[in-house]
Structures are given as C-alpha cells and as structure tokens.
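What follows is coords-v3.csv (CSV, C-alpha atoms).
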```
chain,number,residue,atom,x,y,z
A,1,MET,CA,-2.4,15.9,-2.4
A,2,GLY,CA,-5.7,16.8,-0.7
A,3,SER,CA,-9.0,17.9,-2.0
A,4,GLY,CA,-7.9,21.5,-2.2
A,5,SER,CA,-5.6,21.0,-5.2
A,6,GLY,CA,-8.4,19.3,-7.2
A,7,SER,CA,-10.9,22.0,-6.5
A,8,VAL,CA,-8.5,24.7,-7.6
A,9,ARG,CA,-7.6,22.8,-10.8
A,10,ARG,CA,-11.3,22.4,-11.6
A,11,ARG,CA,-12.2,26.0,-11.1
A,12,LEU,CA,-9.2,27.5,-12.9
A,13,PRO,CA,-9.3,27.0,-16.6
A,14,ALA,CA,-6.1,25.9,-18.2
A,15,GLU,CA,-5.6,29.3,-19.9
A,16,VAL,CA,-5.8,31.1,-16.6
A,17,ALA,CA,-3.3,28.7,-15.0
A,18,LEU,CA,-0.9,29.3,-18.0
A,19,VAL,CA,-1.3,33.1,-17.7
A,20,VAL,CA,-0.8,33.0,-13.9
A,21,GLY,CA,2.3,30.9,-14.4
A,22,TYR,CA,3.9,33.5,-16.7
A,23,ALA,CA,2.5,36.6,-15.0
A,24,PRO,CA,5.0,36.8,-12.2
A,25,ARG,CA,7.7,37.3,-14.9
A,26,TRP,CA,5.8,40.1,-16.5
A,27,LEU,CA,5.3,41.8,-13.1
A,28,VAL,CA,8.9,41.7,-11.9
A,29,SER,CA,11.0,42.3,-14.9
A,30,PRO,CA,11.3,41.6,-18.6
A,31,SER,CA,14.1,39.1,-18.1
A,32,PRO,CA,13.4,37.3,-14.9
A,33,PRO,CA,15.7,34.9,-13.1
A,34,PRO,CA,15.1,31.2,-13.8
A,35,ARG,CA,13.7,30.8,-10.3
A,36,VAL,CA,10.1,31.8,-9.3
A,37,LEU,CA,10.1,33.5,-5.9
A,38,ARG,CA,7.5,32.6,-3.4
A,39,GLU,CA,5.9,36.1,-3.5
A,40,ARG,CA,5.3,36.2,-7.2
A,41,PRO,CA,2.4,33.8,-7.8
A,42,PRO,CA,0.1,35.6,-5.2
A,43,LEU,CA,1.0,39.0,-6.8
A,44,ALA,CA,0.2,37.6,-10.2
A,45,LEU,CA,-3.1,36.2,-9.0
A,46,GLU,CA,-4.0,39.5,-7.3
A,47,SER,CA,-3.1,41.6,-10.4
A,48,LEU,CA,-5.1,39.3,-12.7
A,49,GLY,CA,-8.2,39.5,-10.5
A,50,PHE,CA,-8.0,36.1,-8.9
A,51,GLY,CA,-7.2,37.2,-5.4
A,52,SER,CA,-9.9,34.9,-4.0
A,53,TYR,CA,-7.8,31.9,-5.0
A,54,ILE,CA,-4.7,32.9,-3.1
A,55,SER,CA,-5.5,31.2,0.2
A,56,GLU,CA,-6.4,27.9,-1.6
A,57,VAL,CA,-3.2,28.1,-3.7
A,58,LYS,CA,-1.2,28.5,-0.5
A,59,GLU,CA,-2.9,25.5,1.0
A,60,VAL,CA,-2.1,23.4,-2.1
A,61,LEU,CA,1.5,24.7,-2.0
A,62,GLN,CA,1.8,23.6,1.7
A,63,GLU,CA,0.5,20.2,0.8
A,64,CYS,CA,3.0,19.8,-2.0
A,65,LYS,CA,5.8,20.9,0.4
A,66,THR,CA,4.7,18.3,2.9
A,67,VAL,CA,4.6,15.5,0.4
A,68,ALA,CA,8.0,16.5,-1.0
A,69,LEU,CA,9.5,16.6,2.5
A,70,LYS,CA,8.1,13.1,3.3
A,71,ARG,CA,9.6,11.8,0.0
A,72,ARG,CA,13.0,13.3,0.8
A,73,LYS,CA,13.0,11.8,4.3
A,74,ALA,CA,12.2,8.4,3.0
A,75,SER,CA,14.8,8.6,0.2
A,76,SER,CA,17.5,9.8,2.6
A,77,ARG,CA,16.7,6.9,5.0
A,78,LEU,CA,17.4,4.5,2.2
A,79,GLU,CA,20.5,6.3,1.2
A,80,ASN,CA,21.8,6.4,4.8
A,81,LEU,CA,21.6,2.6,4.9
A,82,GLY,CA,24.4,2.4,2.4
A,83,ILE,CA,22.8,-0.5,0.7
A,84,PRO,CA,22.3,-0.3,-3.1
A,85,GLU,CA,18.7,-0.3,-4.3
A,86,GLU,CA,19.3,-3.5,-6.3
A,87,GLU,CA,20.4,-5.3,-3.1
A,88,LEU,CA,17.4,-4.0,-1.2
A,89,LEU,CA,15.1,-5.3,-4.0
A,90,ARG,CA,16.9,-8.7,-4.0
A,91,GLN,CA,16.5,-9.0,-0.2
A,92,GLN,CA,12.8,-8.0,-0.5
A,93,GLN,CA,12.2,-10.7,-3.1
A,94,GLU,CA,14.1,-13.2,-1.0
A,95,LEU,CA,11.9,-12.4,2.0
A,96,PHE,CA,8.8,-12.8,-0.1
A,97,ALA,CA,10.0,-16.2,-1.4
A,98,LYS,CA,10.7,-17.4,2.2
A,99,ALA,CA,7.2,-16.2,3.3
A,100,ARG,CA,5.5,-18.0,0.4
A,101,GLN,CA,7.5,-21.2,1.3
A,102,GLN,CA,6.6,-21.0,4.9
A,103,GLN,CA,3.0,-20.5,4.0
A,104,ALA,CA,3.1,-23.5,1.7
A,105,GLU,CA,4.7,-25.7,4.4
A,106,LEU,CA,2.1,-24.7,6.9
A,107,ALA,CA,-0.7,-25.5,4.5
A,108,GLN,CA,0.9,-28.9,3.8
A,109,GLN,CA,1.1,-29.6,7.5
A,110,GLU,CA,-2.5,-28.7,8.1
A,111,TRP,CA,-3.6,-30.9,5.2
A,112,LEU,CA,-1.6,-33.9,6.5
A,113,GLN,CA,-3.1,-33.3,10.0
A,114,MET,CA,-6.6,-33.3,8.5
A,115,GLN,CA,-5.9,-36.5,6.6
A,116,GLN,CA,-4.6,-38.2,9.7
A,117,ALA,CA,-7.6,-37.1,11.7
A,118,ALA,CA,-9.9,-38.5,9.0
A,119,GLN,CA,-8.0,-41.8,8.9
A,120,GLN,CA,-8.3,-42.1,12.7
A,121,ALA,CA,-12.0,-41.3,12.5
A,122,GLN,CA,-12.4,-44.1,9.9
A,123,LEU,CA,-10.5,-46.5,12.0
A,124,ALA,CA,-12.5,-45.6,15.1
A,125,ALA,CA,-15.7,-46.1,13.1
A,126,ALA,CA,-14.6,-49.4,11.7
A,127,SER,CA,-13.5,-50.6,15.2
A,128,ALA,CA,-16.9,-49.5,16.6
A,129,THR,CA,-18.7,-51.4,13.9
A,130,ALA,CA,-16.7,-54.5,14.4
A,131,SER,CA,-17.3,-54.5,18.2
A,132,ASN,CA,-21.0,-53.9,17.6
A,133,GLN,CA,-21.1,-56.9,15.2
A,134,ALA,CA,-19.1,-59.0,17.6
A,135,GLY,CA,-21.5,-57.9,20.4
A,136,SER,CA,-24.5,-58.8,18.4
A,137,SER,CA,-23.1,-62.3,17.5
A,138,GLN,CA,-22.5,-62.8,21.2
A,139,ASP,CA,-26.0,-61.9,22.0
A,140,GLU,CA,-27.3,-64.4,19.4
A,141,ASP,CA,-25.2,-67.1,20.9
A,142,ASP,CA,-26.6,-66.2,24.3
A,143,GLU,CA,-30.1,-66.5,23.0
A,144,ASP,CA,-29.4,-69.9,21.6
A,145,ASP,CA,-28.3,-71.1,25.0
A,146,ILE,CA,-31.6,-70.1,26.6
```
Can you present the structure in this file as structure tokens?
Amino acid sequence: MGSGSGSVRRRLPAEVALVVGYAPRWLVSPSPPPRVLRERPPLALESLGFGSYISEVKEVLQECKTVALKRRKASSRLENLGIPEEELLRQQQELFAKARQQQAELAQQEWLQMQQAAQQAQLAAASATASNQAGSSQDEDDEDDI
C-alpha cells in the first residue's frame, strides 16, 4: 500500500479505528447483515466527527482494491496454466540448478583459459631467455675470433 494508508493509521488512534469499524452497524440497524456495505464507513466517520478522513480512507481503499486485483490476476494466471504448484516449484528449482551448473562450467572454462595463457606466457619468456643466452654466447664466440 502507499503512503496514504500509513498516515491514516498513524493519525487515527486504535480506539477510534475500532469504533469506526463498529459504527456502521449502529447506524444502520441493531442486527446488521454480515457484510459491510461500501457506504457505511464514510457515514460512520461523518457521524463520529471524522469527516476529514473520508477522502484519505477512500484512497487507501482504492489502493487495497488495486493490490487485491493484481493478486487475483497473478493467481488466476497460474491456475489457468493447469500445472500444480508443486510441479511449478520443482521446475523452478531445476532451472536454478541448471543455471548454477552453467555458471560453474563457465567459471571453470575461464580459469582453464587463464592457466593456459599463463603457461604460454611462461614458455614464451623461457624461450626468449634461451635465445638471448644463445645469442650472447654467439657474440662471445665472435669476439674470440677477432
């Protein structure tokens, strides 16, 4: 819910919220039906002197309806798939396991490539050192001939 619901809860003491919850029953009849009609809470707020809260209460009610509608839509989408929740959970866990496996294989491949690159660099360095030493021995031999 948005910030409206929090501000209303902070400003209305718990006792007032309790009274407002029961007031529609007192206003309509001594034995009300089990359902609270949409018009009753604003009437109760007005009669109890809390008319300034009516617009905020309506905003909070609209937010609650929106959230409930989104939940129903998401739930019905899953129900329309015809797949049991347990099966969906198993499939999700399987997908996560595959993704972890692929990530581990990718990391292993990268590590092997780095190791191969390091070995090639070492071989190249050793080869360069050997040719430098061979070149310097050749130079010494050439100096001896002079």
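Straight-line separation from CA of Met114 (chain A) to CA of Ala130 (chain A): 24.2 Å.
Our summary of the geometry notes that CA of Ala44 (chain A) is positioned 16.8 Å from CA of Glu59 (chain A).
Relative to CA of Arg40 (chain A), CA of Leu61 (chain A) is found at 13.2 Å.
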Kindly compute an axis-aligned box around the listed atoms of region 112-123 of chain A, allowing 8 Å on each side, and express its centre and edge lengths in Å to one decimal as lines of an AutoDock Vina configuration file.
```
center_x = -7.0
center_y = -39.9
center_z = 9.6
size_x = 26.8
size_y = 29.2
size_z = 22.2
```
